[in-house]
Structures are given as structure tokens and as C-alpha cells.
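Structure first, commentary second.
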Amino acid sequence: MKDHKKLESQRTIHERGVTYVHDLLDRVGFTIHDVNRDPDHHYQIFAQFKDRAMLIAVRTAYHPDVGKMDNSTREKLIYESKKLNAVPHFAGLSLTVENKSDIQREESNQIAENNIVFYGISVVR
């Protein structure tokens with residue numbers, strides 16, 4: 001039986017990573033064709049910059065870990081990229097927790113704040 005609280009936590013950090021990469025690509029001028037927020041899907045973002053199409057797998061983990069892509073996902077990503085004439089890419093991110101000081105806590109109702117550490121997007125071969 002799956003722990004629903006843990007599953008929801010994994011979905012939440014995955015969603016934060018996908019949103020981060022999506023927003024970054026949008027800010028720098030990529031055209032976003034599709035976003036798949038399912039953490040079990042082999043890619044999350046289908047984007048294009050000029051005439052270069054990209055399929056991007058996004059994985060996020062809690063710090064000190066970094067999101068990783070397994071072999072099965074890698075193979076599916078490469079296969080789908082060939083079908084779409086796109087270049088397969090991977091973005092691994094780490095979600096950190098920043099503890100706030102007592103003064104900062106008085107100014108907000110939150111005890112800790114999450115930050116994303118982005119390690120870049122690399123081509124998958």
C-alpha cells in the first residue's frame with residue numbers, strides 16, 4: 001500500500017520542478033508546445049527555440065539529492081524524440097528547504113521556504 005502523504009509530497013516537488021523549467025524556458029524565448037505534469041511520463045516539456053525542437057524530462061528531488069532519470073525513461077525519451085524530430089534533454093533539479101529566522105517567521109505564517117537548485121539542461125544520448 002502506498003503512503004499517500006509521501007506520494008503527494010513527491011508530486012508536489014515534481015510539479016515545482018516542472019513549473020520552474022517551464023517558466024525559465026518561457027522567459028528566455030522558447031515556444032512551449034506541450035507540458036505533461038505526470039511524474040511517471042517520460043517527458044514533461046515539449047519546447048522549441050527557433051527551428052530546434054526539444055523533449056525535456058524533468059526530475060526533482062529533495063536536497064542533497066538531485067532528480068535522476070532511469071534507463072527506461074531515457075529509452076522512451078530518445079524513441080519519442082526521434083518520432084517528433086526533437087532533441088532529447090534532461091533537467092535535474094534539487095529542492096532545498098531554507099529555514100527562516102525568528103524575525104522572518106513573525107512576518108509570515110511559514111516556518112520554512114523551498115528553493116530550487118537548477119543544474120541546467122543537458123542533451124540525452
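Each chain of the C-alpha cells is named A, B, ... in the order shown, its residues numbered from 1; ligands are numbered from 1 in display order.
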**Message:** Could you go through chain A and tell me which residues DSSP, when run on the backbone, assigns to helix (DSSP H, G or I), listing them as a PyMOL selection string?
**Reply:** chain A and resi 4-27+71-84+102-107
**Message:** Need the shell around region 34-48 of chain A: protein/DNA/RNA residues with any atom at most 8 Å away, counting only C-alpha atoms. Skip same-chain ones fewer than 6 positions apart. Format as an NGL selection string?
**Reply:** :A and (11 or 14-15 or 18 or 22 or 54-59 or 73-74 or 76-77)
**Request:** Among the residues of region 2-122 of chain A, find those DSSP assigns to strand (DSSP E or B) from the backbone and print them as a ChimeraX atom specification.
**Result:** /A:31-35,45-49,52-62,87-99,112-122
Please save C-alpha atoms of the selected residues as an mmCIF file, in the first residue's frame.
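Saved as again_38.cif:
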```cif
data_model
loop_
_atom_site.group_PDB
_atom_site.id
_atom_site.type_symbol
_atom_site.label_atom_id
_atom_site.label_comp_id
_atom_site.auth_asym_id
_atom_site.auth_seq_id
_atom_site.Cartn_x
_atom_site.Cartn_y
_atom_site.Cartn_z
ATOM 1 C CA THR A 31 7.843 28.247 -27.595
ATOM 2 C CA ILE A 32 6.183 25.700 -25.305
ATOM 3 C CA HIS A 33 4.115 23.185 -27.296
ATOM 4 C CA ASP A 34 3.168 20.783 -24.505
ATOM 5 C CA VAL A 35 3.597 20.329 -20.753
ATOM 6 C CA ILE A 45 8.052 19.620 -21.713
ATOM 7 C CA PHE A 46 7.961 19.740 -25.498
ATOM 8 C CA ALA A 47 9.508 23.077 -26.465
ATOM 9 C CA GLN A 48 11.087 24.769 -29.430
ATOM 10 C CA PHE A 49 13.661 27.503 -29.894
ATOM 11 C CA ARG A 52 15.223 23.266 -32.717
ATOM 12 C CA ALA A 53 12.569 21.110 -31.043
ATOM 13 C CA MET A 54 13.314 19.614 -27.616
ATOM 14 C CA LEU A 55 11.677 16.981 -25.433
ATOM 15 C CA ILE A 56 12.709 17.560 -21.832
ATOM 16 C CA ALA A 57 12.423 15.077 -18.972
ATOM 17 C CA VAL A 58 12.297 16.949 -15.657
ATOM 18 C CA ARG A 59 13.067 15.231 -12.359
ATOM 19 C CA THR A 60 13.246 16.903 -8.950
ATOM 20 C CA ALA A 61 14.404 15.502 -5.596
ATOM 21 C CA TYR A 62 14.931 16.846 -2.087
ATOM 22 C CA VAL A 87 16.434 16.512 -29.394
ATOM 23 C CA PRO A 88 16.020 14.680 -26.055
ATOM 24 C CA HIS A 89 17.083 16.624 -22.960
ATOM 25 C CA PHE A 90 17.158 16.142 -19.208
ATOM 26 C CA ALA A 91 16.786 18.680 -16.396
ATOM 27 C CA GLY A 92 17.677 17.526 -12.877
ATOM 28 C CA LEU A 93 16.733 19.792 -10.001
ATOM 29 C CA SER A 94 17.086 19.800 -6.234
ATOM 30 C CA LEU A 95 14.566 21.272 -3.811
ATOM 31 C CA THR A 96 16.111 22.817 -0.713
ATOM 32 C CA VAL A 97 14.449 23.996 2.474
ATOM 33 C CA GLU A 98 15.506 27.374 3.760
ATOM 34 C CA ASN A 99 14.855 27.815 7.449
ATOM 35 C CA ALA A 112 10.424 27.145 6.038
ATOM 36 C CA GLU A 113 10.610 28.106 2.384
ATOM 37 C CA ASN A 114 11.564 25.876 -0.530
ATOM 38 C CA ASN A 115 14.162 26.903 -3.094
ATOM 39 C CA ILE A 116 15.049 25.190 -6.359
ATOM 40 C CA VAL A 117 18.635 24.439 -7.315
ATOM 41 C CA PHE A 118 18.772 24.117 -11.110
ATOM 42 C CA TYR A 119 21.716 22.245 -12.591
ATOM 43 C CA GLY A 120 20.940 23.012 -16.228
ATOM 44 C CA ILE A 121 19.514 21.087 -19.142
ATOM 45 C CA SER A 122 21.675 18.507 -20.886
#
```
**Pick from A:Val124, A:Thr19, A:Lys82, A:Gln10 nearest to Gly67 (chain A), counting only C-alpha atoms** = A:Gln10
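The spacing separating CA of Tyr20 (chain A) from CA of Asn85 (chain A) amounts to 24.8 Å.
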**Message:** I'd like the interatomic distance between CA of Arg27 (chain A) and CA of Asp70 (chain A), to a tenth of an Å.
**Reply:**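 Here the two named atoms are 28.7 Å from each other.
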